[in-house]
Structure formats: structure tokens, C-alpha cells
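S.K.: As input, take target-v7.txt (compact mmCIF, C-alpha atoms and all ligand atoms):
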```txt
# COMPACT_ATOMS: atom_id res chain seq x y z
CA MET A 27 66.69 85.67 107.91
CA MET A 28 64.89 86.73 104.76
CA LYS A 29 61.63 85.34 103.45
CA ASN A 30 62.76 85.65 99.80
CA SER A 31 64.70 82.84 98.19
CA LYS A 32 67.21 85.15 96.55
CA VAL A 33 69.31 88.04 97.81
CA ARG A 34 69.43 91.16 95.63
CA LEU A 35 72.94 92.52 96.08
CA GLY A 36 74.30 95.94 95.24
CA ILE A 37 78.03 96.65 94.96
CA ILE A 38 79.25 100.12 95.93
CA GLY A 39 82.69 101.06 94.58
CA LEU A 40 83.61 99.56 91.24
CA GLY A 41 87.36 99.94 91.07
CA GLY A 42 89.84 97.08 90.98
CA MET A 43 88.13 95.07 93.71
CA GLY A 44 84.49 95.99 93.13
CA LYS A 45 84.69 94.89 89.48
CA ILE A 46 86.04 91.50 90.56
CA HIS A 47 83.20 91.11 93.04
CA ALA A 48 80.72 91.94 90.27
CA HIS A 49 82.33 89.39 87.98
CA ASN A 50 82.33 86.74 90.74
CA MET A 51 78.62 87.08 91.38
CA LYS A 52 77.97 84.35 88.83
CA LEU A 53 79.64 81.94 91.27
CA VAL A 54 77.30 82.85 94.12
CA GLN A 55 74.15 80.78 94.54
CA ARG A 56 70.78 82.30 95.47
CA ALA A 57 71.96 85.86 94.82
CA GLU A 58 71.73 88.30 91.96
CA LEU A 59 73.69 91.43 91.21
CA ALA A 60 70.74 93.81 91.18
CA ALA A 61 72.59 97.14 91.16
CA VAL A 62 76.01 98.72 91.04
CA CYS A 63 77.08 102.12 92.30
CA ASP A 64 80.15 104.28 91.84
CA ALA A 65 80.79 108.00 92.25
CA ASP A 66 82.56 107.79 88.89
CA LYS A 67 79.73 107.72 86.34
CA ASN A 68 81.79 106.05 83.61
CA ALA A 69 82.90 103.25 85.92
CA ALA A 70 79.33 102.72 87.14
CA ASP A 71 77.78 102.75 83.64
CA ALA A 72 80.39 100.34 82.24
CA CYS A 73 79.85 97.87 85.09
CA ALA A 74 76.04 98.11 84.91
CA LYS A 75 76.20 97.46 81.16
CA ALA A 76 78.52 94.46 81.60
CA HIS A 77 76.19 92.90 84.18
CA SER A 78 72.81 94.16 82.96
CA CYS A 79 71.79 95.66 86.28
CA ALA A 80 70.58 98.96 87.70
CA VAL A 81 73.07 101.78 88.16
CA TYR A 82 73.48 104.50 90.80
CA TYR A 83 76.07 107.22 91.24
CA SER A 84 75.68 107.71 94.99
CA ALA A 85 75.17 105.24 97.81
CA GLY A 86 72.30 107.40 99.16
CA ASP A 87 70.37 107.04 95.88
CA LEU A 88 70.94 103.31 95.88
CA PHE A 89 69.63 103.03 99.45
CA ASP A 90 66.58 105.17 98.68
CA SER A 91 65.75 103.02 95.63
CA ARG A 92 65.16 99.85 97.70
CA ALA A 93 66.41 97.95 94.62
CA VAL A 94 68.62 95.72 96.79
CA ASP A 95 68.47 93.78 100.05
CA ALA A 96 72.18 93.85 100.78
CA VAL A 97 75.29 95.81 99.81
CA LEU A 98 78.95 95.01 99.38
CA ILE A 99 81.05 98.13 100.07
CA ALA A 100 84.30 98.22 98.06
CA THR A 101 85.11 101.92 98.12
CA PRO A 102 88.30 103.48 99.56
CA HIS A 103 88.45 102.66 103.28
CA TYR A 104 87.16 105.91 104.85
CA PHE A 105 83.81 105.39 103.10
CA HIS A 106 83.46 101.94 104.65
CA THR A 107 82.49 103.75 107.85
CA THR A 108 80.21 106.46 106.45
CA ILE A 109 78.47 104.33 103.80
CA GLY A 110 78.40 101.34 106.18
CA ILE A 111 76.63 103.35 108.92
CA GLU A 112 74.11 104.69 106.41
CA ALA A 113 73.43 101.22 104.99
CA LEU A 114 72.95 99.67 108.44
CA SER A 115 70.73 102.48 109.66
CA LYS A 116 68.54 102.06 106.57
CA GLY A 117 68.07 98.36 107.25
CA TYR A 118 70.41 96.75 104.71
CA HIS A 119 72.58 93.69 105.20
CA VAL A 120 76.19 94.79 104.78
CA LEU A 121 79.38 93.10 103.62
CA VAL A 122 82.27 95.52 104.01
CA GLU A 123 85.72 95.25 102.47
CA LYS A 124 88.81 95.17 104.65
CA PRO A 125 89.81 97.18 106.62
CA ILE A 126 86.35 97.76 108.08
CA SER A 127 87.44 101.32 108.94
CA VAL A 128 90.67 103.30 109.01
CA HIS A 129 90.98 103.77 112.76
CA LYS A 130 89.63 102.25 115.95
CA ALA A 131 87.17 105.05 116.81
CA ASP A 132 85.56 104.71 113.36
CA CYS A 133 85.36 100.93 113.82
CA GLU A 134 83.52 101.49 117.09
CA ARG A 135 81.05 103.89 115.41
CA LEU A 136 80.48 101.47 112.53
CA ILE A 137 79.98 98.46 114.80
CA ALA A 138 77.64 100.45 117.06
CA ALA A 139 75.43 101.19 114.03
CA HIS A 140 74.67 97.45 113.80
CA ARG A 141 71.78 97.60 116.22
CA ASP A 142 69.34 95.22 114.55
CA LYS A 143 71.00 91.81 114.80
CA LYS A 144 68.60 90.46 112.16
CA GLN A 145 70.73 92.42 109.71
CA VAL A 146 73.80 90.48 108.62
CA PHE A 147 77.04 92.44 108.93
CA ALA A 148 80.15 90.73 107.57
CA ALA A 149 83.66 91.65 106.46
CA MET A 150 85.69 90.54 103.46
CA PHE A 151 88.45 88.62 105.21
CA GLN A 152 88.66 85.93 102.56
CA MET A 153 92.06 84.68 103.75
CA ARG A 154 90.27 83.01 106.67
CA GLN A 155 88.95 80.59 104.05
CA GLU A 156 92.43 79.85 102.71
CA PRO A 157 92.88 76.10 103.41
CA LEU A 158 96.43 76.70 104.70
CA TYR A 159 95.23 78.97 107.48
CA GLN A 160 92.13 76.87 108.10
CA LYS A 161 94.43 73.95 108.79
CA VAL A 162 96.68 76.03 111.06
CA LYS A 163 93.58 77.16 112.96
CA GLN A 164 92.48 73.53 113.35
CA ILE A 165 95.92 72.41 114.59
CA LEU A 166 96.03 75.23 117.14
CA SER A 167 92.46 74.87 118.36
CA GLU A 168 92.75 71.08 118.71
CA GLY A 169 95.83 71.66 120.86
CA HIS A 170 98.32 69.71 118.72
CA LEU A 171 100.95 72.48 119.04
CA GLY A 172 100.31 73.04 122.74
CA LYS A 173 100.79 76.46 124.29
CA ILE A 174 102.14 78.98 121.76
CA SER A 175 105.47 80.44 122.86
CA ARG A 176 106.44 82.58 119.86
CA PHE A 177 105.61 83.40 116.26
CA ASN A 178 107.41 85.04 113.43
CA TRP A 179 105.63 86.23 110.30
CA VAL A 180 107.66 87.73 107.49
CA ILE A 181 105.28 88.96 104.80
CA THR A 182 107.47 90.97 102.53
CA ASP A 183 105.94 89.76 99.29
CA TRP A 184 103.26 92.47 99.11
CA PHE A 185 105.35 94.21 96.42
CA ARG A 186 103.70 97.26 94.88
CA SER A 187 105.08 99.49 92.10
CA ASP A 188 105.00 103.30 91.80
CA THR A 189 102.30 102.85 89.15
CA TYR A 190 100.15 101.07 91.71
CA TYR A 191 100.48 103.94 94.18
CA ALA A 192 99.69 106.48 91.45
CA SER A 193 96.57 104.54 90.40
CA GLY A 194 94.23 106.23 92.89
CA GLY A 195 94.49 109.69 94.47
CA TRP A 196 93.42 108.24 97.84
CA ARG A 197 96.12 105.59 97.98
CA ALA A 198 99.07 105.80 100.36
CA THR A 199 97.98 109.14 101.86
CA TRP A 200 97.08 109.90 105.47
CA LYS A 201 94.03 111.82 104.35
CA GLY A 202 92.72 109.39 101.74
CA GLU A 203 93.79 106.00 103.07
CA GLY A 204 95.00 106.60 106.62
CA GLY A 205 98.12 104.49 106.25
CA GLY A 206 100.11 102.31 103.91
CA VAL A 207 100.92 98.62 103.99
CA LEU A 208 99.28 98.20 107.42
CA LEU A 209 95.95 99.60 106.19
CA ASN A 210 95.88 98.18 102.70
CA GLN A 211 97.74 94.91 102.26
CA CYS A 212 98.31 93.72 105.84
CA PRO A 213 94.76 93.85 107.21
CA HIS A 214 94.51 90.25 105.99
CA ASN A 215 97.60 89.14 107.90
CA LEU A 216 96.69 91.14 111.00
CA ASP A 217 93.23 89.58 110.96
CA LEU A 218 94.69 86.07 110.61
CA LEU A 219 97.15 86.82 113.36
CA GLN A 220 94.48 87.75 115.89
CA TRP A 221 92.21 84.94 114.62
CA LEU A 222 94.97 82.37 115.17
CA CYS A 223 96.85 83.73 118.17
CA GLY A 224 94.53 86.26 119.82
CA MET A 225 95.30 89.89 120.60
CA PRO A 226 98.61 90.91 122.18
CA GLU A 227 98.74 93.16 125.21
CA LYS A 228 101.77 95.19 124.07
CA VAL A 229 103.06 96.37 120.69
CA ARG A 230 106.34 98.04 119.79
CA ALA A 231 106.82 98.79 116.12
CA PHE A 232 109.12 100.55 113.73
CA CYS A 233 107.42 101.86 110.58
CA LYS A 234 109.50 103.28 107.76
CA ILE A 235 107.72 106.03 105.88
CA GLY A 236 108.27 106.05 102.11
CA LYS A 237 111.38 103.87 102.28
CA TYR A 238 110.85 102.40 98.81
CA HIS A 239 108.22 104.68 97.27
CA ASN A 240 107.54 108.38 97.01
CA ILE A 241 104.65 108.15 99.50
CA GLU A 242 103.87 109.78 102.85
CA VAL A 243 102.85 106.58 104.67
CA GLU A 244 104.61 103.39 105.80
CA ASP A 245 105.91 100.86 103.28
CA GLU A 246 108.01 98.78 105.68
CA VAL A 247 107.15 97.65 109.22
CA THR A 248 108.85 95.60 111.90
CA ALA A 249 106.63 94.96 114.92
CA TYR A 250 107.24 93.13 118.19
CA LEU A 251 104.20 91.85 120.07
CA GLU A 252 103.79 90.52 123.60
CA PHE A 253 100.88 88.43 124.81
CA LYS A 254 99.45 88.10 128.30
CA ASN A 255 100.47 84.44 128.54
CA GLY A 256 104.11 85.29 127.86
CA ALA A 257 104.08 84.46 124.13
CA THR A 258 105.93 86.88 121.86
CA GLY A 259 105.82 87.54 118.14
CA VAL A 260 107.48 89.48 115.37
CA LEU A 261 105.81 90.66 112.19
CA VAL A 262 107.78 92.11 109.31
CA THR A 263 106.10 93.46 106.20
CA SER A 264 106.96 95.55 103.19
CA THR A 265 105.64 96.61 99.79
CA GLY A 266 109.10 97.42 98.44
CA GLU A 267 111.01 94.18 98.62
CA ALA A 268 111.32 91.79 95.68
CA PRO A 269 111.06 88.84 95.55
CA GLY A 270 110.03 89.02 99.21
CA THR A 271 109.00 86.23 101.55
CA ASN A 272 105.78 84.97 103.08
CA ARG A 273 106.75 82.69 105.93
CA LEU A 274 104.75 82.15 109.10
CA GLU A 275 106.40 80.22 111.88
CA ILE A 276 104.49 79.40 115.07
CA CYS A 277 106.37 77.72 117.89
CA GLY A 278 104.68 75.96 120.77
CA GLU A 279 105.26 73.40 123.47
CA MET A 280 104.84 70.55 120.98
CA GLY A 281 107.01 71.86 118.14
CA LYS A 282 106.96 74.25 115.23
CA LEU A 283 104.45 74.96 112.46
CA THR A 284 105.79 76.57 109.30
CA VAL A 285 103.60 77.91 106.51
CA GLU A 286 105.51 78.82 103.36
CA ASN A 287 105.19 78.32 99.59
CA GLY A 288 101.67 76.92 99.90
CA LYS A 289 102.77 74.18 102.34
CA ILE A 290 102.44 73.51 106.06
CA ARG A 291 105.16 71.64 107.86
CA PHE A 292 104.71 70.50 111.44
CA ALA A 293 107.97 69.58 113.19
CA ARG A 294 106.33 67.81 116.12
CA ASN A 295 108.19 67.27 119.37
CA GLU A 296 107.84 63.74 120.72
CA ILE A 297 108.06 65.27 124.19
CA GLY A 298 107.01 68.82 124.99
CA GLN A 299 109.90 71.32 124.93
CA SER A 300 109.50 72.45 128.55
CA THR A 301 109.00 68.89 129.85
CA PHE A 302 112.10 67.76 127.96
CA CYS A 303 114.06 70.76 129.22
CA LYS A 304 113.23 69.96 132.84
CA THR A 305 113.68 66.19 132.67
CA THR A 306 116.53 65.35 130.30
CA PRO A 307 119.81 64.39 131.98
CA ALA A 308 121.68 65.39 128.78
CA ARG A 309 123.31 68.81 128.40
CA PHE A 310 122.95 69.32 124.66
CA ALA A 311 120.07 67.05 123.60
CA LYS A 312 116.82 68.26 121.99
CA PRO A 313 113.45 66.50 121.91
CA PRO A 314 113.23 64.06 119.00
CA ILE A 315 110.81 65.27 116.29
CA TRP A 316 108.43 63.82 113.76
CA ASP A 317 108.45 65.78 110.53
CA ILE A 318 104.92 66.03 109.18
CA ASP A 319 103.96 67.58 105.84
CA ILE A 320 100.30 68.50 106.13
CA PRO A 321 98.37 68.14 102.88
CA VAL A 322 96.34 71.16 101.80
CA VAL A 323 94.14 71.60 98.74
CA ILE A 324 94.62 75.06 97.26
CA GLN A 325 91.35 76.93 96.97
CA GLN A 326 90.74 79.22 93.99
CA ASN A 327 88.05 81.77 94.67
CA LEU A 328 88.04 82.83 98.27
CA HIS A 329 86.22 86.15 97.77
CA SER A 330 83.12 84.48 96.37
CA GLU A 331 83.10 82.05 99.32
CA ILE A 332 82.77 85.01 101.68
CA VAL A 333 79.96 86.45 99.54
CA GLN A 334 78.26 83.02 99.49
CA ASN A 335 78.55 82.78 103.28
CA PHE A 336 77.06 86.30 103.57
CA VAL A 337 74.11 85.25 101.36
CA ASP A 338 73.65 81.99 103.29
CA ALA A 339 73.68 83.94 106.57
CA ILE A 340 70.92 86.23 105.22
CA LEU A 341 68.77 83.41 103.88
CA ASP A 342 69.43 80.59 106.35
CA GLY A 343 71.07 82.22 109.36
CA VAL A 344 74.33 80.24 109.04
CA PRO A 345 77.23 81.60 111.15
CA LEU A 346 79.49 84.13 109.47
CA ILE A 347 83.07 83.24 108.56
CA ALA A 348 84.12 86.83 109.28
CA PRO A 349 81.66 88.90 111.34
CA ALA A 350 82.39 92.59 110.71
CA LYS A 351 82.71 93.31 114.44
CA GLU A 352 85.89 91.19 114.48
CA GLY A 353 87.39 93.60 111.93
CA ILE A 354 88.18 96.07 114.72
CA HIS A 355 91.09 93.90 115.88
CA SER A 356 93.20 94.16 112.71
CA VAL A 357 92.56 97.93 112.61
CA GLU A 358 93.56 98.26 116.27
CA LEU A 359 96.78 96.34 115.60
CA ALA A 360 97.61 98.49 112.56
CA ASN A 361 96.86 101.68 114.51
CA ALA A 362 98.90 100.50 117.50
CA MET A 363 101.91 99.81 115.27
CA LEU A 364 101.77 103.28 113.72
CA PHE A 365 101.18 104.89 117.12
CA SER A 366 104.12 103.04 118.65
CA SER A 367 106.45 103.95 115.82
CA MET A 368 105.50 107.63 115.68
CA ASN A 369 105.75 108.05 119.46
CA GLU A 370 108.80 105.79 119.76
CA LYS A 371 107.30 103.82 122.62
CA THR A 372 105.59 100.57 123.50
CA VAL A 373 101.79 100.73 123.20
CA LYS A 374 99.57 98.87 125.65
CA LEU A 375 96.33 97.46 124.28
CA PRO A 376 93.48 98.26 124.28
CA LEU A 377 94.66 101.25 122.24
CA ASP A 378 93.43 104.69 123.23
CA ALA A 379 91.19 105.25 120.19
CA LYS A 380 90.90 109.00 120.75
CA ALA A 381 94.63 109.53 121.08
CA TYR A 382 95.23 107.61 117.86
CA TRP A 383 92.50 109.55 116.07
CA LYS A 384 94.20 112.82 117.13
CA LEU A 385 97.51 111.61 115.73
CA LEU A 386 95.83 110.66 112.45
CA GLN A 387 94.12 114.05 112.31
CA ARG A 388 97.51 115.78 112.68
CA LEU A 389 99.02 113.62 109.95
CA SER A 390 96.01 114.16 107.66
CA LYS A 391 96.24 117.93 108.06
CA LYS A 392 99.83 117.83 106.84
CA SER A 393 98.91 115.34 104.09
CA ARG A 394 100.83 116.43 100.98
CA PRO A 395 100.74 113.45 98.68
CA VAL A 396 103.27 113.45 95.86
CA LYS A 397 102.14 111.19 93.07
CA LYS A 398 103.95 110.11 89.99
CA PRO A 399 101.70 110.05 86.92
CA ALA A 400 100.09 106.67 86.36
CA ALA A 401 101.06 104.77 83.23
CA LYS A 402 98.54 105.59 80.47
CA LYS A 403 97.44 102.05 79.75
CA ARG A 404 97.10 99.43 82.45
CA ASN A 405 96.49 95.91 81.29
CA ASP A 406 96.60 94.29 84.72
CA ASP A 407 93.96 93.82 87.34
CA VAL A 408 93.81 93.46 91.10
CA SER A 409 93.43 89.67 90.93
CA SER A 410 97.20 89.32 90.31
CA SER A 411 97.70 90.55 93.87
CA PHE A 412 96.05 87.41 95.33
CA LYS A 413 98.24 84.95 93.41
N1 LIG A 501 89.71 91.69 99.98
C1 LIG A 501 90.68 91.92 99.13
O1 LIG A 501 91.42 91.02 98.74
C2 LIG A 501 90.88 93.30 98.58
C3 LIG A 501 91.74 93.52 97.48
C4 LIG A 501 91.84 94.81 96.97
C5 LIG A 501 91.15 95.87 97.55
N2 LIG A 501 90.36 95.63 98.63
C6 LIG A 501 89.64 96.74 99.29
O2 LIG A 501 88.66 97.25 98.40
C7 LIG A 501 88.53 98.65 98.59
C8 LIG A 501 88.69 99.35 97.24
O3 LIG A 501 89.99 99.08 96.74
P1 LIG A 501 90.29 99.19 95.16
O4 LIG A 501 91.68 98.70 94.99
O5 LIG A 501 89.20 98.54 94.41
O6 LIG A 501 90.22 100.78 94.96
P2 LIG A 501 89.98 101.57 93.59
O7 LIG A 501 90.55 102.93 93.79
O8 LIG A 501 90.46 100.75 92.45
O9 LIG A 501 88.39 101.66 93.48
C9 LIG A 501 87.59 102.40 94.37
C10 LIG A 501 86.31 102.77 93.65
O10 LIG A 501 85.42 103.38 94.58
C11 LIG A 501 84.80 104.50 93.94
N3 LIG A 501 84.35 105.42 94.98
C12 LIG A 501 85.10 106.26 95.73
N4 LIG A 501 84.34 106.92 96.60
C13 LIG A 501 83.07 106.50 96.42
C14 LIG A 501 81.84 106.80 97.03
N5 LIG A 501 81.76 107.66 98.05
N6 LIG A 501 80.72 106.18 96.58
C15 LIG A 501 80.79 105.30 95.56
N7 LIG A 501 81.94 104.97 94.94
C16 LIG A 501 83.08 105.55 95.37
C17 LIG A 501 85.87 105.06 93.03
O11 LIG A 501 85.32 105.86 92.02
C18 LIG A 501 86.51 103.78 92.52
O12 LIG A 501 85.89 103.33 91.34
C19 LIG A 501 89.61 99.06 99.60
O13 LIG A 501 89.04 99.27 100.86
C20 LIG A 501 90.56 97.90 99.64
O14 LIG A 501 91.17 97.69 100.88
C21 LIG A 501 90.20 94.37 99.14
```
Just give me the structure of the file as C-alpha cells.

M.R.:
Amino acid sequence: MMKNSKVRLGIIGLGGMGKIHAHNMKLVQRAELAAVCDADKNAADACAKAHSCAVYYSAGDLFDSRAVDAVLIATPHYFHTTIGIEALSKGYHVLVEKPISVHKADCERLIAAHRDKKQVFAAMFQMRQEPLYQKVKQILSEGHLGKISRFNWVITDWFRSDTYYASGGWRATWKGEGGGVLLNQCPHNLDLLQWLCGMPEKVRAFCKIGKYHNIEVEDEVTAYLEFKNGATGVLVTSTGEAPGTNRLEICGEMGKLTVENGKIRFARNEIGQSTFCKTTPARFAKPPIWDIDIPVVIQQNLHSEIVQNFVDAILDGVPLIAPAKEGIHSVELANAMLFSSMNEKTVKLPLDAKAYWKLLQRLSKKSRPVKKPAAKKRNDDVSSSFK
């Protein structure tokens, strides 16, 4: 906890996401945007001018300046690890964008650098604050659904155009990003998955490389997961399908939860499915159900809630919504899916971090990104991807 009444925050990486974080700082209480930093001088100067704050062109210079108490890292993923370790070792509170690192071994290094537990170390998993998933979490943790037997999550509405992939040299390359949809869009869903259902013990996945785009990484994935308690799950995702679907279905002893189109429906069994199965004298009957539409208030600015929670944790010691150490799970799932697909076999968790790192090294060495030129003028921003 800090003695000061205000946190001086610095944002490192001022691309699509970093600029939104800078803009959102006006929504965060008891914090000020004291400095911004980007390796691209023009981007850094423009952002510093817009927010009247100090400017730096390297994270090292920002750390040496002592102009901030805490940093939000919104650079391409590989730098989350290197800049994150430097920030932690120099005593800063750190909020790191998702994914916390590209691969499990880097996650372990980053998490190990958080030695002083007085420093707050959080991750930007803002979807945990989404009221839909908050409600699902509540229903599961209060036991209303009973033991989970199966889930199915089709998240094929992460559509991205060729212009998107051409908008940053690091994107959709093994060397620059370390993966595709699993490392960029899906970390949110993978995090929610493990937050809601826990970690599986086995993963078998099929990742299609450049199925819809001229990229060297995966843009479509179908994964099958098995859990220790016998539950199973399927996750399907893509950045090439339009209009796409986002439908999460979780089945349990007491019925079925469906999250789709901003709504949660709970088809609740009057009698548990296994109890009914064992006790009914009928051959073709099913348990009667109560159809429940669960009201949810849509929340507008989830990113700033995570920043506010980070600030409150620094000043008051409140618990974090998304501790950074939990970010290893979504990375491990993404890595396991790629590992399974490339080796055409089922992967047992915990994943062998070194073996995966070696695979990624091999892929990175052969990394030959082919980019189409980006459109000259872009009048969109990253916020349209959250809508
Ligand atoms: N939480 C979310 O909803 C969400 C949404 C979009 C992006 N992101 C995450 O934010 C991160 C950035 O994504 P983006 O879309 O903004 O990328 P981007 O390419 O638009 O911006 C990255 C910025 O980082 C700068 N940069 C690169 N290396 C740097 C370094 N070593 N030091 C300082 N600055 C450096 C670049 O110059 C660029 O301005 C990614 O990790 C991504 O996963 C999160």
C-alpha cells in the first residue's frame, strides 16, 4: 500500500490499446497519467501532447526517471515479459496487458520477478468484469448448476480483416506475436474458461494456419478439453468467419446455462439429470425444466474498471480482479492447443514449458511473414473490437 493519495501511472506502448488506456484515465479516481512511453517517437509525442504529461521513448528511461509509481504495459506481447521483469525488479507496480507473456516459460520468468508482494502485479483481463460472466461465475460457484459435465464455446466472431493483420509488423507472426487468434483475441476467452471451469488435464486441438488470411499463424482453432472430474469441453474460434457466433453453453447436473447475444438463459432441471436418469420408470422422459432468463446490466467501460481496481489495490490493498500470476493459465492453454495441433497428439497438462519453447523457437526461426500493405488512412480504432 502506498502512503500517497494518488497513483502516478505511466503507460508503455501507445498503439491502438495504449491510446485507449490513456484516454480512459479520466475515468479512474485517485490516479493521474504522469507519463507515456513508446519506442515510436511520433506516437509518444502525440500522446504526451494530448494528455499533457511527460514523455519517454524507452521503458528504461521511464523507469530511471522515477516519474511514476506504476506502469501499464500495452506493447506487443513479447515485451510484456522483458519490460514487466524490468519494471518489477525496479520496484514499480505493474498492470500488464493480456496475454501476460507469449509462452509458459516466459510467464514463469515474469511471475518469478514479482518477489516483493507489496508491489501490485495485475493483468488486463477486463472480461472478468463483464456482468454476463460475473453472473455465470456466481451461478457456478453457488452450485446452482451442480457438477459441470460439458461445455461448448463457439467464439467465431473475432473477425479480423487483412488490413488489421497488416497494421503492425509484429502481428500474426511467430517471431513477433508468437501465435494468432489464440495469443491475441482468445486470451480473454481462455482466461474466462479457466476462471469459470478450472484447468483441463488434457487438450487435443486442431489449428488451421492461415486458413482465411495470408498469415503464418493460426486463424481457426477447434479444441477438445478433458477435465479430471470427467467433464469435457469444446472450444471453436476463428478470425475469418463472418458474421460468426459467440455462444457459451455450460451443461451440468442441474441443467444448461447459455450465454449468447448479451443474455444468459438457465434451463434448470427440476430434478438433477443423473438422479432422473437412475430413478425414472419412463423410457423416453426428460427432467422437467424451468426456463429462467437472468437479467444482466451491460457494463460500458471494463478496461477502466481493471485500472481502477489496480489503483485501489495500490492505495488500499483491495484484492485484485485479475492477479497477473493467473495469466499463466490462458497462455498455457493457448500453447497446449498449438503444441497438440503441430504434433498431432493429445497434450497432458501441465504443459512441458521447455518443449513448447523449443517448438516456438523453431517456428520463429522460419518466420517469414508476408504482409499486404496497410490501407493508407485508417479511421477506425481498437474500441470497435470490444463491441
Ligand atoms: N485488453 C484488451 O482488450 C486488448 C485489446 C487490444 C490489444 N490488447 C493488447 O495490447 C497490446 C498492444 O496491442 P495493440 O493492438 O495496441 O498494438 P499496436 O501495434 O497498435 O501498438 C503497440 C505499440 O507499442 C509500441 N512499442 C513496441 N515495442 C515497444 C517497446 N519496446 N517499448 C515501448 N513501446 C513499444 C509500438 O510502437 C506501438 O505504438 C497487445 O499485447 C494486445 O494483446 C489488449

S.K.: Collect all residues with atoms no farther than 8 Å from ligand LIG 501 (chain A), counting all atoms listed in the file, and output them as a short mmCIF file (atom, residue, chain, number, x, y, z; two decimals) with C-alpha atoms, keeping the file's coordinate frame.

M.R.:
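Output saved as result-v9.cif:
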```cif
data_model
loop_
_atom_site.label_atom_id
_atom_site.label_comp_id
_atom_site.auth_asym_id
_atom_site.auth_seq_id
_atom_site.Cartn_x
_atom_site.Cartn_y
_atom_site.Cartn_z
CA ILE A 38 79.25 100.12 95.93
CA GLY A 39 82.69 101.06 94.58
CA LEU A 40 83.61 99.56 91.24
CA GLY A 41 87.36 99.94 91.07
CA GLY A 42 89.84 97.08 90.98
CA MET A 43 88.13 95.07 93.71
CA GLY A 44 84.49 95.99 93.13
CA LYS A 45 84.69 94.89 89.48
CA CYS A 63 77.08 102.12 92.30
CA ASP A 64 80.15 104.28 91.84
CA ALA A 65 80.79 108.00 92.25
CA ASP A 66 82.56 107.79 88.89
CA ALA A 69 82.90 103.25 85.92
CA ALA A 70 79.33 102.72 87.14
CA TYR A 83 76.07 107.22 91.24
CA SER A 84 75.68 107.71 94.99
CA ALA A 85 75.17 105.24 97.81
CA ILE A 99 81.05 98.13 100.07
CA ALA A 100 84.30 98.22 98.06
CA THR A 101 85.11 101.92 98.12
CA PRO A 102 88.30 103.48 99.56
CA HIS A 103 88.45 102.66 103.28
CA TYR A 104 87.16 105.91 104.85
CA PHE A 105 83.81 105.39 103.10
CA HIS A 106 83.46 101.94 104.65
CA ILE A 109 78.47 104.33 103.80
CA GLU A 123 85.72 95.25 102.47
CA LYS A 124 88.81 95.17 104.65
CA PRO A 125 89.81 97.18 106.62
CA ILE A 126 86.35 97.76 108.08
CA MET A 150 85.69 90.54 103.46
CA PHE A 151 88.45 88.62 105.21
CA GLN A 152 88.66 85.93 102.56
CA SER A 193 96.57 104.54 90.40
CA GLY A 194 94.23 106.23 92.89
CA GLY A 195 94.49 109.69 94.47
CA TRP A 196 93.42 108.24 97.84
CA ARG A 197 96.12 105.59 97.98
CA LEU A 209 95.95 99.60 106.19
CA ASN A 210 95.88 98.18 102.70
CA GLN A 211 97.74 94.91 102.26
CA HIS A 214 94.51 90.25 105.99
CA HIS A 329 86.22 86.15 97.77
CA VAL A 408 93.81 93.46 91.10
CA SER A 409 93.43 89.67 90.93
CA SER A 411 97.70 90.55 93.87
CA PHE A 412 96.05 87.41 95.33
#
```

S.K.: Using all atoms listed in the file, which protein or nucleic acid residues come within 9 Å of Ile347 (chain A)? Drop anything in the same chain fewer than 4 positions from it, and give the result as a JSON list (two decimals) with C-alpha atoms, in the coordinates of the input.

M.R.:
```
[["chain", "number", "residue", "atom", "x", "y", "z"],
["A", 148, "ALA", "CA", 80.15, 90.73, 107.57],
["A", 149, "ALA", "CA", 83.66, 91.65, 106.46],
["A", 151, "PHE", "CA", 88.45, 88.62, 105.21],
["A", 152, "GLN", "CA", 88.66, 85.93, 102.56],
["A", 154, "ARG", "CA", 90.27, 83.01, 106.67],
["A", 155, "GLN", "CA", 88.95, 80.59, 104.05],
["A", 332, "ILE", "CA", 82.77, 85.01, 101.68],
["A", 335, "ASN", "CA", 78.55, 82.78, 103.28],
["A", 336, "PHE", "CA", 77.06, 86.30, 103.57]]
```

S.K.: May I ask which of the residues A:Ser187, A:Thr199, A:Gln220, A:Thr107 is the closest one to Leu389 (chain A), counting only C-alpha atoms?

M.R.: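 Nearest candidate to Leu389 (chain A) out of A:Ser187, A:Thr199, A:Gln220, A:Thr107: A:Thr199.
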
S.K.: Give me, please, the distance in Å between CA of Glu267 (chain A) and CA of Phe232 (chain A), quoted to one decimal.

M.R.: 16.5 Å

S.K.: Quick one: residues within 12 Å of (103.0, 75.2, 114.9) (file frame), counting all atoms listed in the file, please, as a PyMOL selection string.

M.R.: chain A and resi 159+161-178+222-223+274-285+290-295+317-320

S.K.: Which value, in Å to one decimal, gives the distance between CA of Arg394 (chain A) and CA of Val243 (chain A)?

M.R.: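 The value is 10.7 Å.
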
S.K.: Pick from A:Ala308, A:Asp245, A:Asn327, A:Glu58: nearest to Asp183 (chain A), with all atoms listed in the file counted?

M.R.: A:Asp245
